[in-house]
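Reading through the C-alpha cells given below for one structure.
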Amino acid sequence: MATWARLGVRLRDAVRRFWPLRNIGYGRAVGGGLLGTAVASGFIHYKNEQRWRLWPHVVYAEDAKKEKITVPQVSMRRLRFNQFASMMYEEEPYMTPRDFLHSVLMEKVDCKLQKKMLTKADMDDMIKVASRAEAGNNMFRGIGDKGLISYTEYLFLLTIITKPQTGFHIAFKMLDIDGNEHVDKKEFQKLKKIIRLRKELLRQDGTELSDSVDEVNTTLQVFFFGENGKHKLQYKDFCRFMEDLQAEVQEVEFLRFSNGMKTMRREDFAEWLLHYTNEENNEAYWENMRKRIPTGQSITFDEFKEFCLFTNHLEDFAFSVKMINDANRPIGMAEFKRAVKIATGHELSENVLDTVFKIFDLDGDNCLSHKEFLAVMKDRVLRGLRVQPQLGVSGYWKCVKRETLKGAQEALRETGSPV
C-alpha cells in the first residue's frame with residue numbers, strides 16, 4: 001500500500017506543477033498524457049512486484065504439464081507400518097512385536113502416542129532380550145515392546161502368516177547352494193528380498209528404503225543368527241518359527257473375537273470372516289448372518305485353525321474348484337468340501353462349512369459363487385492390504401515367483417555358480 005501512496009503523491013505534485021497550463025488548448029492532452037503515464041507506470045510496477053499480487057495466476061494446461069512432478073504412490077502396507085510403528089531409531093520407524101500383533105488385529109490406531117526415540121543403550125537392551133528369547137507360539141507376546149521389527153521384516157512376517165510353507169521352502173532351497181539345509185545372515189537378507197516387491201519399499205515421502213536399514217540388529221536377526229550374526233539358520237528351525245508365528249497370530253485373533261473364551265460363537269466367526277471385507281454384497285452377507293445363523297452354537301479353536309490353514313491355500317483351492325467344477329457355475333457344499341481337501345489335505349468341519357454357506361449363499365440355493373467368496377477371503381487373509389487388486393489372487397503369487405527367480409539368480413552369480 002505504501003507504493004501506491006507514493007505514486008499518488010507524485011501524481012498530485014505533477015498536476016499542481018502543470019496547473020497553470022489549464023487554459024492552454026492542449027491542457028487536456030497534457031493532463032491525459034500524465035494520467036496515462038502514471039497509470040501505465042503503476043501497472044508495470046504491479047506486474048513486476050510479486051509481493052503485492054492481489055489475484056492468483058491463471059494456470060494453463062501447457063504450464064501445468066511442465067511443472068507437474070510425479071510422486072510415487074506409497075503402498076498401503078507402508079502406511080499401515082508407519083501408523084503402528086511405535087519406535088524410531090536413526091530417523092527410521094520400527095515396530096515392536098506387540099505393534100506387529102496389533103497391526104494384524106486392527107485396521108488403524110485410534111489413540112497413538114508419539115514414537116519413542118531409541119538410544120544405543122535401548123538397542124543393547126533389546127538385543128539382550130532377543131538373544132534370550134525362546135521359540136514357541138508365545139514368542140512375540142513374550143517379547144512385547146522389548147524388540148524391534150524393520151519394515152522389510154514386517155513384509156516378510158505378513159507373507160509368513162498369509163502363505164503356505166511350500167513357497168518358502170522353494171526359496172530357501174534356491175539360496176541353499178551347497179544343499180546343507182541352512183543359510184547365513186547374508187543369504188537370509190536375500191530371502192527377504194525375494195518375497196517383497198519394489199513398490200512396497202517406498203517410504204511415505206516416496207523415497208526408496210535403503211538396504212542399510214537391514215544392518216540394524218533387529219529382534220529377528222539376533223534370534224536367528226545370534227548377537228554377532230555368525231550363527232546359521234537351519235531350515236527346520238525356520239519352519240518351526242513359521243508354524244509358531246502362524247499359531248500365535250491365530251490364537252490372538254481367536255481370543256479377540258471370542259472375547260477371551262475357549263469357543264467362538266458362530267456369529268463371532270462370521271464377524272471375523274467379514275472384518276476386512278469391502279465387497280458390494282457386504283450388507284447382504286451381514287443380513288444372512290443375522291437371519292440364518294442360530295444363536296448358541298459355537299466353533300472350537302481347532303476348527304478355527306483348520307479354516308485358517310485353508311485360507312493360506314486360496315490359490316490351490318481356486319485351482320481345485322476349476323478342476324472339479326465349471327468356473328462360471330456356483331459351487332455346492334460337497335464340491336466345496338472336496339476342493340478344500342484337495343488343496344490342504346484337511347477337511348473343514350460341518351459346523352464351519354454350514355456357517356460359510358449360510359453367510360455367502362445369496363439366493364438360498366445351497367450354492368455360492370466361489371469368485372465372490374475368494375474375493376472376500378483375499379480381503380480377510382491380506383487384512384485389507386491388497387497388493388495388486390487388478391491381478392486377482394494368482395497375480396500377487398506370480399510376482400512372488402518372479403522375484404524368487406531373480407533372487408536365486410543373484411545368489412548364484414555371487415557364489416560364482418553358472419546361472
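Chain identifiers are assigned as A, B, and so on, following the order in which chains appear in the C-alpha cells; residues are numbered from 1 within each chain, and ligands are numbered from 1 in order of appearance.
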
Would you return as a PDB file with C-alpha atoms, in the first residue's frame the members of stretch 266-401 of chain A that DSSP assigns to strand (DSSP E or B) on this structure's backbone?
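Ended up saving to states_38.pdb:
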ATOM      1  CA  SER A 298     -20.015 -72.345  18.830  1.00  0.00           C
ATOM      2  CA  ILE A 299     -16.812 -73.102  16.911  1.00  0.00           C
ATOM      3  CA  THR A 300     -13.755 -74.545  18.656  1.00  0.00           C
ATOM      4  CA  ILE A 331     -20.375 -74.428  -6.217  1.00  0.00           C
ATOM      5  CA  GLY A 332     -22.256 -76.724  -3.839  1.00  0.00           C
ATOM      6  CA  CYS A 367     -24.582 -72.888  -3.503  1.00  0.00           C
ATOM      7  CA  LEU A 368     -22.202 -69.951  -3.543  1.00  0.00           C
TER       8      LEU A 368
END

Checklist line | Surrounding residues of stretch 215-226 of chain A excluding itself and chain neighbours under 4 positions, 8 Å, only C-alpha atoms, as a ChimeraX atom specification | finding: /A:126-127,130-131,133,147-150,184-185,211,230-233

Check: Near stretch 340-354 of chain A, counting only C-alpha atoms, which residues have an atom at most 10 Å away, once you skip same-chain residues fewer than 4 positions from it, shown as number ranges by chain?
Finding: A: 164, 266, 269-270, 293, 297-300, 302-307, 309-321, 333-336, 358-359, 366

Next item on the list: Enter the distance from atom CA of A:Arg338 to atom CA of A:Lys371, in Å, rounded to one decimal.
Entry: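 Distance reported for this atom pair: 16.8 Å.
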
Notebook entry, point to check: Taking the backbone alone, and naming residues the way the document does, which bits of stretch 115-191 of chain A are alpha helix (DSSP H) by DSSP, as a PyMOL selection string?
Noted result: chain A and resi 120-131+139-143+151-162+165-175+185-191

Next item on the list: For atom CA of A:Leu191 and atom CA of A:Thr162, quote the distance in Å rounded to one decimal.
Entry: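 Separation of atom CA of A:Leu191 and atom CA of A:Thr162: 16.5 Å.
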
Margin query: Set the distance at 8 Å and use only C-alpha atoms: which residues neighbour A:Lys115 once local chain neighbours fewer than 4 positions away are removed? I'd like the list as JSON, numbers by chain.
Written below: {"A": [85, 86, 87, 88]}

Note to self: Could you list, as an MDAnalysis selection string, every residue within 9 Å of A:Val104, counting only C-alpha atoms and ignoring same-chain residues fewer than 6 positions away?
What the structure shows: chainID A and resid 158 249 253 383

Would you export the selected residues with N, CA, C and O atoms as a PDB file, in the first residue's frame, please?
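Contents of part_0.pdb, as written:
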ATOM      1  N   LEU A 158       4.333 -60.694   7.313  1.00  0.00           N
ATOM      2  CA  LEU A 158       2.988 -60.725   6.734  1.00  0.00           C
ATOM      3  C   LEU A 158       2.840 -61.874   5.750  1.00  0.00           C
ATOM      4  O   LEU A 158       1.807 -62.543   5.716  1.00  0.00           O
ATOM      5  N   VAL A 249      -0.546 -65.887  15.917  1.00  0.00           N
ATOM      6  CA  VAL A 249      -1.489 -64.931  15.322  1.00  0.00           C
ATOM      7  C   VAL A 249      -2.911 -65.492  15.354  1.00  0.00           C
ATOM      8  O   VAL A 249      -3.871 -64.778  15.683  1.00  0.00           O
ATOM      9  N   GLU A 253      -6.050 -63.781  17.370  1.00  0.00           N
ATOM     10  CA  GLU A 253      -7.293 -63.422  16.680  1.00  0.00           C
ATOM     11  C   GLU A 253      -8.485 -64.156  17.284  1.00  0.00           C
ATOM     12  O   GLU A 253      -9.566 -63.565  17.462  1.00  0.00           O
ATOM     13  N   ARG A 383      -5.846 -58.876   5.197  1.00  0.00           N
ATOM     14  CA  ARG A 383      -6.246 -57.921   6.234  1.00  0.00           C
ATOM     15  C   ARG A 383      -6.438 -56.509   5.681  1.00  0.00           C
ATOM     16  O   ARG A 383      -5.969 -55.528   6.249  1.00  0.00           O
TER      17      ARG A 383
END

Check: Quick one: of A:Met264, A:Leu273, A:Leu245, A:Ala171, who's nearest to A:Leu101, counting only C-alpha atoms?
Finding: A:Leu245
